[in-house]
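Next comes coords.pdb, with PDB, C-alpha atoms, pLDDT in the B column.
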ATOM      1  CA  MET A  29      74.061  92.276 111.081  1.00 74.00           C
ATOM      2  CA  VAL A  30      73.686  95.710 112.689  1.00 68.00           C
ATOM      3  CA  ASN A  31      75.602  94.587 115.799  1.00 88.00           C
ATOM      4  CA  TYR A  32      78.344  93.107 113.598  1.00 85.00           C
ATOM      5  CA  LEU A  33      78.699  96.377 111.675  1.00 84.00           C
ATOM      6  CA  ALA A  34      78.625  98.452 114.864  1.00 89.00           C
ATOM      7  CA  ALA A  35      81.362  96.232 116.309  1.00 90.00           C
ATOM      8  CA  LEU A  36      83.443  96.695 113.137  1.00 92.00           C
ATOM      9  CA  ASP A  37      82.960 100.462 113.341  1.00 92.00           C
ATOM     10  CA  SER A  38      84.109 100.412 116.946  1.00 95.00           C
ATOM     11  CA  THR A  39      87.130  98.243 116.130  1.00 95.00           C
ATOM     12  CA  PHE A  40      88.267 100.361 113.196  1.00 95.00           C
ATOM     13  CA  ALA A  41      87.735 103.577 115.193  1.00 95.00           C
ATOM     14  CA  ALA A  42      89.868 102.180 118.014  1.00 96.00           C
ATOM     15  CA  LEU A  43      92.578 101.050 115.580  1.00 95.00           C
ATOM     16  CA  SER A  44      92.659 104.420 113.819  1.00 95.00           C
ATOM     17  CA  ASP A  45      94.868 105.960 116.499  1.00 97.00           C
ATOM     18  CA  ALA A  46      98.619 105.287 116.616  1.00 96.00           C
ATOM     19  CA  THR A  47      98.754 105.388 120.417  1.00 96.00           C
ATOM     20  CA  ARG A  48      96.025 102.759 120.706  1.00 97.00           C
ATOM     21  CA  ARG A  49      97.730 100.563 118.109  1.00 96.00           C
ATOM     22  CA  GLY A  50     100.952 100.916 120.116  1.00 96.00           C
ATOM     23  CA  ILE A  51      99.168  99.898 123.309  1.00 97.00           C
ATOM     24  CA  LEU A  52      97.756  96.823 121.568  1.00 97.00           C
ATOM     25  CA  ALA A  53     101.180  95.916 120.195  1.00 96.00           C
ATOM     26  CA  ARG A  54     102.677  96.229 123.660  1.00 96.00           C
ATOM     27  CA  LEU A  55      99.952  94.012 125.134  1.00 97.00           C
ATOM     28  CA  ALA A  56     100.455  91.449 122.369  1.00 96.00           C
ATOM     29  CA  GLN A  57     104.176  91.370 123.099  1.00 95.00           C
ATOM     30  CA  ARG A  58     104.096  91.458 126.900  1.00 95.00           C
ATOM     31  CA  GLY A  59     100.777  89.876 127.801  1.00 95.00           C
ATOM     32  CA  GLU A  60      98.908  91.236 130.804  1.00 95.00           C
ATOM     33  CA  THR A  61     100.369  94.641 131.671  1.00 95.00           C
ATOM     34  CA  SER A  62      99.646  97.423 134.157  1.00 94.00           C
ATOM     35  CA  VAL A  63      98.321 100.768 132.957  1.00 94.00           C
ATOM     36  CA  SER A  64     101.449 102.541 134.200  1.00 92.00           C
ATOM     37  CA  GLU A  65     103.654 100.142 132.203  1.00 94.00           C
ATOM     38  CA  LEU A  66     101.508 100.732 129.122  1.00 94.00           C
ATOM     39  CA  ALA A  67     101.806 104.496 129.620  1.00 93.00           C
ATOM     40  CA  ALA A  68     105.611 104.450 130.041  1.00 93.00           C
ATOM     41  CA  PRO A  69     106.606 104.933 126.371  1.00 93.00           C
ATOM     42  CA  TYR A  70     104.171 107.826 125.845  1.00 93.00           C
ATOM     43  CA  LYS A  71     104.616 111.432 126.849  1.00 91.00           C
ATOM     44  CA  MET A  72     101.107 111.777 128.209  1.00 91.00           C
ATOM     45  CA  SER A  73      99.381 111.613 131.545  1.00 91.00           C
ATOM     46  CA  LEU A  74      97.901 108.449 133.007  1.00 90.00           C
ATOM     47  CA  PRO A  75      94.376 109.893 132.578  1.00 92.00           C
ATOM     48  CA  ALA A  76      95.110 110.400 128.857  1.00 94.00           C
ATOM     49  CA  VAL A  77      96.294 106.791 128.530  1.00 95.00           C
ATOM     50  CA  SER A  78      93.198 105.690 130.452  1.00 94.00           C
ATOM     51  CA  LYS A  79      91.020 107.440 127.864  1.00 96.00           C
ATOM     52  CA  HIS A  80      92.746 105.458 125.113  1.00 97.00           C
ATOM     53  CA  LEU A  81      92.247 102.271 127.118  1.00 97.00           C
ATOM     54  CA  ARG A  82      88.524 103.042 127.508  1.00 96.00           C
ATOM     55  CA  VAL A  83      88.193 103.305 123.726  1.00 97.00           C
ATOM     56  CA  LEU A  84      89.975  99.956 123.381  1.00 97.00           C
ATOM     57  CA  GLN A  85      87.766  98.429 126.097  1.00 96.00           C
ATOM     58  CA  ASN A  86      84.581  99.731 124.464  1.00 95.00           C
ATOM     59  CA  ALA A  87      85.704  98.117 121.210  1.00 96.00           C
ATOM     60  CA  GLY A  88      86.264  94.840 123.074  1.00 96.00           C
ATOM     61  CA  LEU A  89      89.989  94.868 122.281  1.00 97.00           C
ATOM     62  CA  VAL A  90      91.187  95.142 125.876  1.00 97.00           C
ATOM     63  CA  SER A  91      89.964  93.803 129.191  1.00 96.00           C
ATOM     64  CA  ARG A  92      90.893  95.586 132.370  1.00 94.00           C
ATOM     65  CA  GLN A  93      90.865  94.379 135.943  1.00 94.00           C
ATOM     66  CA  LYS A  94      91.792  96.008 139.191  1.00 92.00           C
ATOM     67  CA  ASP A  95      94.261  94.241 141.461  1.00 87.00           C
ATOM     68  CA  GLY A  96      94.444  96.409 144.574  1.00 92.00           C
ATOM     69  CA  ARG A  97      95.638  99.793 143.345  1.00 91.00           C
ATOM     70  CA  VAL A  98      97.028  98.385 140.108  1.00 91.00           C
ATOM     71  CA  HIS A  99      94.895  98.243 136.959  1.00 92.00           C
ATOM     72  CA  ARG A 100      95.988  95.422 134.677  1.00 95.00           C
ATOM     73  CA  CYS A 101      95.081  95.139 131.003  1.00 96.00           C
ATOM     74  CA  ARG A 102      94.944  92.164 128.694  1.00 96.00           C
ATOM     75  CA  LEU A 103      94.593  91.995 124.905  1.00 97.00           C
ATOM     76  CA  ARG A 104      91.373  90.542 123.523  1.00 96.00           C
ATOM     77  CA  ALA A 105      92.057  90.006 119.825  1.00 90.00           C
ATOM     78  CA  GLY A 106      88.667  88.612 118.783  1.00 91.00           C
ATOM     79  CA  PRO A 107      87.373  91.877 117.300  1.00 93.00           C
ATOM     80  CA  MET A 108      90.549  92.176 115.195  1.00 92.00           C
ATOM     81  CA  LYS A 109      89.840  88.724 113.764  1.00 92.00           C
ATOM     82  CA  ASP A 110      86.423  89.970 112.625  1.00 91.00           C
ATOM     83  CA  ALA A 111      87.996  93.097 111.117  1.00 92.00           C
ATOM     84  CA  ALA A 112      90.623  90.994 109.327  1.00 92.00           C
ATOM     85  CA  ALA A 113      87.885  88.754 107.885  1.00 90.00           C
ATOM     86  CA  TRP A 114      86.022  91.824 106.620  1.00 89.00           C
ATOM     87  CA  ILE A 115      89.197  93.170 104.988  1.00 89.00           C
ATOM     88  CA  GLU A 116      89.955  89.748 103.484  1.00 89.00           C
ATOM     89  CA  HIS A 117      86.564  89.712 101.761  1.00 86.00           C
ATOM     90  CA  TYR A 118      87.378  92.979 100.007  1.00 83.00           C
ATOM     91  CA  ARG A 119      90.958  91.935  99.259  1.00 83.00           C
ATOM     92  CA  GLN A 120      89.574  88.967  97.324  1.00 81.00           C
ATOM     93  CA  PHE A 121      87.161  91.287  95.489  1.00 79.00           C
ATOM     94  CA  TRP A 122      89.950  93.655  94.420  1.00 82.00           C
ATOM     95  CA  GLU A 123      92.254  90.806  93.416  1.00 82.00           C
ATOM     96  CA  ALA A 124      89.500  89.474  91.152  1.00 79.00           C
ATOM     97  CA  GLN A 125      89.048  92.952  89.655  1.00 81.00           C
ATOM     98  CA  LEU A 126      92.781  93.297  89.053  1.00 83.00           C
ATOM     99  CA  ASP A 127      92.940  89.814  87.525  1.00 80.00           C
ATOM    100  CA  SER A 128      90.138  90.813  85.118  1.00 80.00           C
ATOM    101  CA  LEU A 129      91.997  93.985  84.201  1.00 83.00           C
ATOM    102  CA  ALA A 130      95.204  92.023  83.585  1.00 82.00           C
ATOM    103  CA  ARG A 131      93.358  89.599  81.286  1.00 84.00           C
ATOM    104  CA  TYR A 132      91.761  92.502  79.400  1.00 83.00           C
ATOM    105  CA  LEU A 133      95.091  94.266  78.944  1.00 85.00           C
ATOM    106  CA  GLN A 134      96.752  91.051  77.781  1.00 87.00           C
ATOM    107  CA  GLU A 135      93.954  90.375  75.287  1.00 83.00           C
ATOM    108  CA  SER A 136      94.160  93.970  74.065  1.00 84.00           C
ATOM    109  CA  ALA A 137      97.922  93.674  73.630  1.00 81.00           C
ATOM    110  CA  ASP A 138      97.487  90.366  71.782  1.00 78.00           C
ATOM    111  CA  ASP A 139      94.817  91.916  69.507  1.00 76.00           C
ATOM    112  CA  GLU A 140      97.071  94.924  68.860  1.00 77.00           C
ATOM    113  CA  GLY A 141      99.957  92.615  68.007  1.00 72.00           C
ATOM    114  CA  ARG A 142      97.816  90.652  65.551  1.00 74.00           C
ATOM    115  CA  SER A 143      96.544  93.873  63.962  1.00 72.00           C
ATOM    116  CA  THR A 144     100.084  95.214  63.578  1.00 71.00           C
ATOM    117  CA  GLN A 145     101.284  91.979  61.972  1.00 74.00           C
ATOM    118  CA  ALA A 146      98.313  91.924  59.608  1.00 67.00           C
ATOM    119  CA  ALA A 147      98.983  95.540  58.620  1.00 66.00           C
ATOM    120  CA  LYS A 148     102.653  94.719  57.901  1.00 70.00           C
ATOM    121  CA  ARG A 149     101.661  91.723  55.765  1.00 71.00           C
ATOM    122  CA  HIS A 150      99.135  93.842  53.932  1.00 69.00           C
ATOM    123  CA  ARG A 151     101.704  96.581  53.209  1.00 71.00           C
ATOM    124  CA  ARG A 152     104.195  94.009  51.907  1.00 72.00           C
ATOM    125  CA  GLY A 153     101.541  92.649  49.609  1.00 64.00           C
ATOM    126  CA  LEU A 154     100.951  96.066  47.987  1.00 55.00           C
TER     127      LEU A 154
END
For this file, write the structure as structure tokens.
Amino acid sequence: MVNYLAALDSTFAALSDATRRGILARLAQRGETSVSELAAPYKMSLPAVSKHLRVLQNAGLVSRQKDGRVHRCRLRAGPMKDAAAWIEHYRQFWEAQLDSLARYLQESADDEGRSTQAAKRHRRGL
């Protein structure tokens, strides 16, 4: 359980940055891509992009291999599947809570409507 939670922490930390999410989106769209191609849309140095890639690698979201002088990266989406499953669990929890609130509000409105009608009948009877 501790390893699972540590992996989730690592995944969410990696996904918390817009540049890293952009890199992942680019890898998802293009498949295996060189570091220089991944860096192209960003106004930052290759070492800065490499730092982002290291965070993604440490989270298990990216694999990197060297082909001569070219470093190529590939998306590894498994950790995102685990994060999505964790989020889904809590989505179901909150939907159940909201469903309970909706039922309560409806019952309250129905009770209020019955009380109002009873009060009107009572006033007419006076």
Tell me which protein, DNA and RNA residues are within 12 Å of Gln93 in chain A, counting all atoms listed in the file, leaving out same-chain ones fewer than 4 positions away, and put them as number ranges by chain.
A: 60-63, 81, 85, 97-103
Mind pulling up the distance from CA of Arg104 in chain A to CA of Leu89 in chain A?
4.7 Å
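Proximity to Thr39 in chain A was assessed for A:Val90, A:Ile51, A:Met108, A:His80 counting all atoms listed in the file; the smallest distance is recorded for A:Met108.
CA of Ala87 in chain A to CA of Ala35 in chain A spans 6.8 Å [interatomic distance, one decimal].
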Any chance you could work out the residue set of the PyMOL selection byres ((chain A and resi 111) around 10) here, as a VMD selection string?
chain A and resid 32 to 33 35 to 37 39 to 40 106 to 110 112 to 116
Quick one: write out the picked residues with C-alpha atoms as a compact mmCIF listing (two decimals), in the frame of the given file?
# COMPACT_ATOMS: atom_id res chain seq x y z
CA TYR A 32 78.34 93.11 113.60
CA LEU A 33 78.70 96.38 111.68
CA ALA A 35 81.36 96.23 116.31
CA LEU A 36 83.44 96.70 113.14
CA ASP A 37 82.96 100.46 113.34
CA THR A 39 87.13 98.24 116.13
CA PHE A 40 88.27 100.36 113.20
CA GLY A 106 88.67 88.61 118.78
CA PRO A 107 87.37 91.88 117.30
CA MET A 108 90.55 92.18 115.20
CA LYS A 109 89.84 88.72 113.76
CA ASP A 110 86.42 89.97 112.62
CA ALA A 112 90.62 90.99 109.33
CA ALA A 113 87.88 88.75 107.88
CA TRP A 114 86.02 91.82 106.62
CA ILE A 115 89.20 93.17 104.99
CA GLU A 116 89.96 89.75 103.48
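Across the model, the gap from CA of Val77 in chain A to CA of Ser44 in chain A is 15.3 Å.
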Hits of the PyMOL selection byres ((chain A and resi 70) around 12) in this structure, as a count of residues only:
20
